[in-house]
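Trainee: Please read through the structure below; I'll follow up with questions.
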Amino acid sequence: MTLSAQALMALGWKRLPAILAFGLLAFQAVMPWTADHFITQDGPSHLYTALVTKDLLLHGHSPYRAVYMLQPKLITNWSTTLLLNASAVLFGTDHTDQVLSTLCVVIGFFAFSYFRRSLDPQNSPWSPLTNFLLNTWFLWIGFYNFYLGMALCLFLVGYYTRHVRDMTRRRVLALAFGLVVLFFTHVLGLTLAIMATVLVGLWVYVVSPLLLARDDRPTLAIVRNAWPPLALMAAAVAPGLILFAIFLKGSGQSTNFESNVEWAWNNFPMHAFASSQGRTGEQLLLYPAMLFYMGIGVLAMRRREWASPRGAIVITAVQCFVFYLLLPNAGFGGDEIKIRLAWAVFVFGCMVASSVPTMQALRTPLSIYITCFLSATLIHSMMRNVWDVSDSVEAYASALKSVPAGSTMVRLRYPTDIARKRFGFEEIALDPLIHADAWVAAQRQIVDLSDYQALSGLFPVVYRPTFSAEKKDQLWGLERMGTGGTTTVSALLKDSPVPIDYVVVLGDNPPPPERAAEFAGTLAEIESTMRLISTPRTNSFVRVYRRVGAAH
């Protein structure tokens with residue numbers, strides 16, 4: 001073998017991680033577009049809220065005005081509202097979940113890689129490790145605000161890390177503006193960004209000089225010299241902190257601190273990397289290896305690396321894990337807090353490990369390992385989470401095709417185990433049918449009273465004061481798998497603040513034996529004032545009822 005051939009092979013070996021990373025990125029970006037319909041679990045609700053917000057702002061005679069108004073409180077969760085409206089204009093409402101899913105993956109890939117390059121400017125930032133970190137449960141379930149928030153968090157922390165020793169007023173303003181945008185994207189992403197930024201500043205100007213000191217320079221002198229750059233850092237994070245404080249004060253919600261440390265320890269990292277059940281869907285051959293990779297990466301760090309911003313990011317990852325153990329899983333209106341922090345542990349930890357110089361020898365072998373198993377996961381997800389779900393969405397939309405624009409409807413939900421098995425996605429780690437009613441409502445400007453986002457108080461629209469707390473509680477009850485369905489539907493149909501034109505019953509036919517009596521009672525109550533307009537096929541999972549006298 002000639003020297004030139006050896007050099008060529010060495011160059012190919014060095015560049016292979018980048019080639020594999022961009023190949024996986026192309027697969028991840030295109031995957032949602034391989035089916036006629038693609039929806040996530042919460043994506044339809046985000047779309048519905050976005051279109052309602054636009055109508056309230058722009059159309060004085062919108063049918064939504066009788067039910068909704070704009071949120072008067074300072075809230076986060078605005079990013080998807082803007083992005084989904086732009087996507088609807090450019091690509092149509094049928095493709096917004098596809099657009100946003102692709103956009104999240106692409107933005108996340110470059111943001112994570114930017115952060116990786118900020119920690120290690122000498123080596124290529126492109127690695128299939130990034131593709132693995134982006135293939136999470138949050139994407140499949142449609143937690144788009146949080147997903148984008150994590151991407152923006154990594155970008156902003158990377159920006160500060162690059163310029164920590166040469167911050168100017170212009171850079172302070174840029175960082176402050178980015179953190180404000182992050183607040184209006186997701187509050188946990190903002191919290192992590194501020195935490196990591198503060199740690200990097202303190203590490204570079206206080207901890208690092210102490211670690212590298214070779215004389216008896218007083219600690220007080222180090223702290224005194226740190227004040228000017230730390231003041232700039234404080235000025236950058238102050239607007240985000242102020243918005244966060246206003247948000248917490250105005251939320252009107254609290255939390256109880258039942259952390260359940262033992263449960264959290266035994267279940268780490270929960271299902272953060274799962275798209276479905278099983279070894280492939282849960283990535284059981286990947287995330288344990290990445291956890292080990294994080295561990296040896298931290299142990300391989302030398303003193304000078306600990307003195308760099310890498311040390312601060314290690315502490316950030318450790319703090320995320322401590323918060324994962326200690327914080328409750330819900331509070332201040334949000335939920336699934338622990339699993340979000342579990343993902344953050346991997347994101348910060350893996351980024352540090354991949355930047356450690358002594359770990360570079362593993363870069364290409366690790367890339368090959370990740371590509372093999374991640375490809376299998378992506379193919380499985382494409383078949384189950386994309387193709388099979390698309391068929392069920394088509395069936396759902398077909399059942400509701402007779403519901404006209406401007407109508408009001410509610411959706412009552414029962415178990416759909418038979419339907420999930422029939423369509424082939426019984427093992428996926430989400431239920432895409434839960435908010436498919438919002439997807440149909442968004443397509444045809446139907447008022448979907450049972451969508452959860454306006455009820456939660458955390459999104460840009462809320463219910464008008466004509467809806468009492470009791471009525472909103474009854475609408476919340478429609479999310480709870482039919483529990484109390486007969487009583488709830490009866491109360492809503494009798495004295496809803498606006499007439500309910502249609503009731504959609506989502507659930508297997510026949511239902512599970514233990515729910516048969518309740519299901520039959522609910523249908524009897526509905527049929528006393530409404531007429532069935534969809535013709536159920538064998539094992540139909542959607543029934544649509546129209547109020548007598550409603551427009552059709």
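Quick note on naming: the chains in the structure tokens go A, B, ... in the order shown, residues restart at 1 in each chain, and ligands are numbered from 1 in order of appearance.
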Sorted by chain and rising residue number, list the residues of region 362-460 of chain A at most 12 Å from region 293-304 of chain A (counting only C-alpha atoms), each with its closest atom pair and distance in Å to one decimal, as a Markdown table.
Mentor:
| residue | atom | partner | partner_atom | distance |
| --- | --- | --- | --- | --- |
| A:Leu362 | CA | A:Tyr293 | CA | 9.7 |
| A:Arg363 | CA | A:Tyr293 | CA | 10.9 |
| A:Leu366 | CA | A:Tyr293 | CA | 9.3 |
| A:Ile370 | CA | A:Tyr293 | CA | 11.9 |
Trainee: Out of A:Thr168, A:Asn123, A:Ser450, A:Thr466, which residue has the shortest atom-to-atom distance to Arg413 (chain A) when counting only C-alpha atoms?
Mentor: A:Ser450
Trainee: Where does region 383-458 of chain A meet region 39-46 of chain A within 6 Å, residue by residue, with the nearest atom pair and distance in Å to one decimal for each, counting only C-alpha atoms, listed by chain and rising number, as a Markdown table?
Mentor:
| residue | atom | partner | partner_atom | distance |
| --- | --- | --- | --- | --- |
| A:Asp431 | CA | A:Gln41 | CA | 5.8 |
| A:Pro432 | CA | A:Gln41 | CA | 4.2 |
| A:Ala438 | CA | A:Pro44 | CA | 5.3 |
| A:Trp439 | CA | A:Pro44 | CA | 4.6 |
Trainee: Any chance you can output those residues with N, CA and C atoms as an mmCIF file, in the first residue's frame?
Mentor:
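Printed below is part.cif as written:
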data_model
loop_
_atom_site.group_PDB
_atom_site.id
_atom_site.type_symbol
_atom_site.label_atom_id
_atom_site.label_comp_id
_atom_site.auth_asym_id
_atom_site.auth_seq_id
_atom_site.Cartn_x
_atom_site.Cartn_y
_atom_site.Cartn_z
ATOM 1 N N ASP A 431 -49.481 8.135 22.441
ATOM 2 C CA ASP A 431 -50.792 7.842 21.859
ATOM 3 C C ASP A 431 -51.158 8.975 20.904
ATOM 4 N N PRO A 432 -50.885 8.820 19.608
ATOM 5 C CA PRO A 432 -51.136 9.903 18.655
ATOM 6 C C PRO A 432 -52.606 10.188 18.421
ATOM 7 N N ALA A 438 -58.016 17.641 17.611
ATOM 8 C CA ALA A 438 -57.503 19.003 17.410
ATOM 9 C C ALA A 438 -56.915 19.152 16.010
ATOM 10 N N TRP A 439 -56.328 18.078 15.488
ATOM 11 C CA TRP A 439 -55.775 18.119 14.130
ATOM 12 C C TRP A 439 -56.877 18.331 13.103
#
Trainee: Using only C-alpha atoms, tabulate the residues of region 212-286 of chain A lying at most 8 Å from any atom of region 375-393 of chain A, each with its closest atom pair and that distance in Å to one decimal, by chain and increasing residue number, as JSON lines.
Mentor:
{"residue": "A:Ser275", "atom": "CA", "partner": "A:Ser381", "partner_atom": "CA", "distance": 6.6}
{"residue": "A:Ser276", "atom": "CA", "partner": "A:Ser381", "partner_atom": "CA", "distance": 7.6}
{"residue": "A:Thr280", "atom": "CA", "partner": "A:Thr377", "partner_atom": "CA", "distance": 5.4}
{"residue": "A:Gly281", "atom": "CA", "partner": "A:Thr377", "partner_atom": "CA", "distance": 5.7}
{"residue": "A:Gln283", "atom": "CA", "partner": "A:Thr377", "partner_atom": "CA", "distance": 6.9}
Trainee: With N, CA, C and O atoms retained, write the just-selected residues as a PDB file, in the first residue's frame.
Mentor:
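Output file again-v2.pdb is given in full below:
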ATOM      1  N   SER A 275     -38.883   5.551  21.551  1.00  0.00           N
ATOM      2  CA  SER A 275     -39.935   5.838  20.583  1.00  0.00           C
ATOM      3  C   SER A 275     -40.993   4.742  20.621  1.00  0.00           C
ATOM      4  O   SER A 275     -42.127   4.959  20.204  1.00  0.00           O
ATOM      5  N   SER A 276     -40.623   3.563  21.115  1.00  0.00           N
ATOM      6  CA  SER A 276     -41.565   2.466  21.278  1.00  0.00           C
ATOM      7  C   SER A 276     -40.973   1.479  22.274  1.00  0.00           C
ATOM      8  O   SER A 276     -39.856   1.664  22.765  1.00  0.00           O
ATOM      9  N   THR A 280     -34.983  -2.220  20.521  1.00  0.00           N
ATOM     10  CA  THR A 280     -34.698  -1.240  19.469  1.00  0.00           C
ATOM     11  C   THR A 280     -35.391   0.083  19.744  1.00  0.00           C
ATOM     12  O   THR A 280     -34.770   1.148  19.689  1.00  0.00           O
ATOM     13  N   GLY A 281     -36.681   0.027  20.054  1.00  0.00           N
ATOM     14  CA  GLY A 281     -37.436   1.253  20.275  1.00  0.00           C
ATOM     15  C   GLY A 281     -36.975   2.039  21.479  1.00  0.00           C
ATOM     16  O   GLY A 281     -37.030   3.271  21.477  1.00  0.00           O
ATOM     17  N   GLN A 283     -33.886   1.984  22.596  1.00  0.00           N
ATOM     18  CA  GLN A 283     -32.455   2.227  22.411  1.00  0.00           C
ATOM     19  C   GLN A 283     -31.628   1.664  23.578  1.00  0.00           C
ATOM     20  O   GLN A 283     -30.725   2.311  24.094  1.00  0.00           O
TER      21      GLN A 283
END
Trainee: Check region 324-368 of chain A with DSSP on the backbone and list each residue it calls strand (DSSP E or B), as a ChimeraX atom specification.
Mentor: /A:330-331,334-335
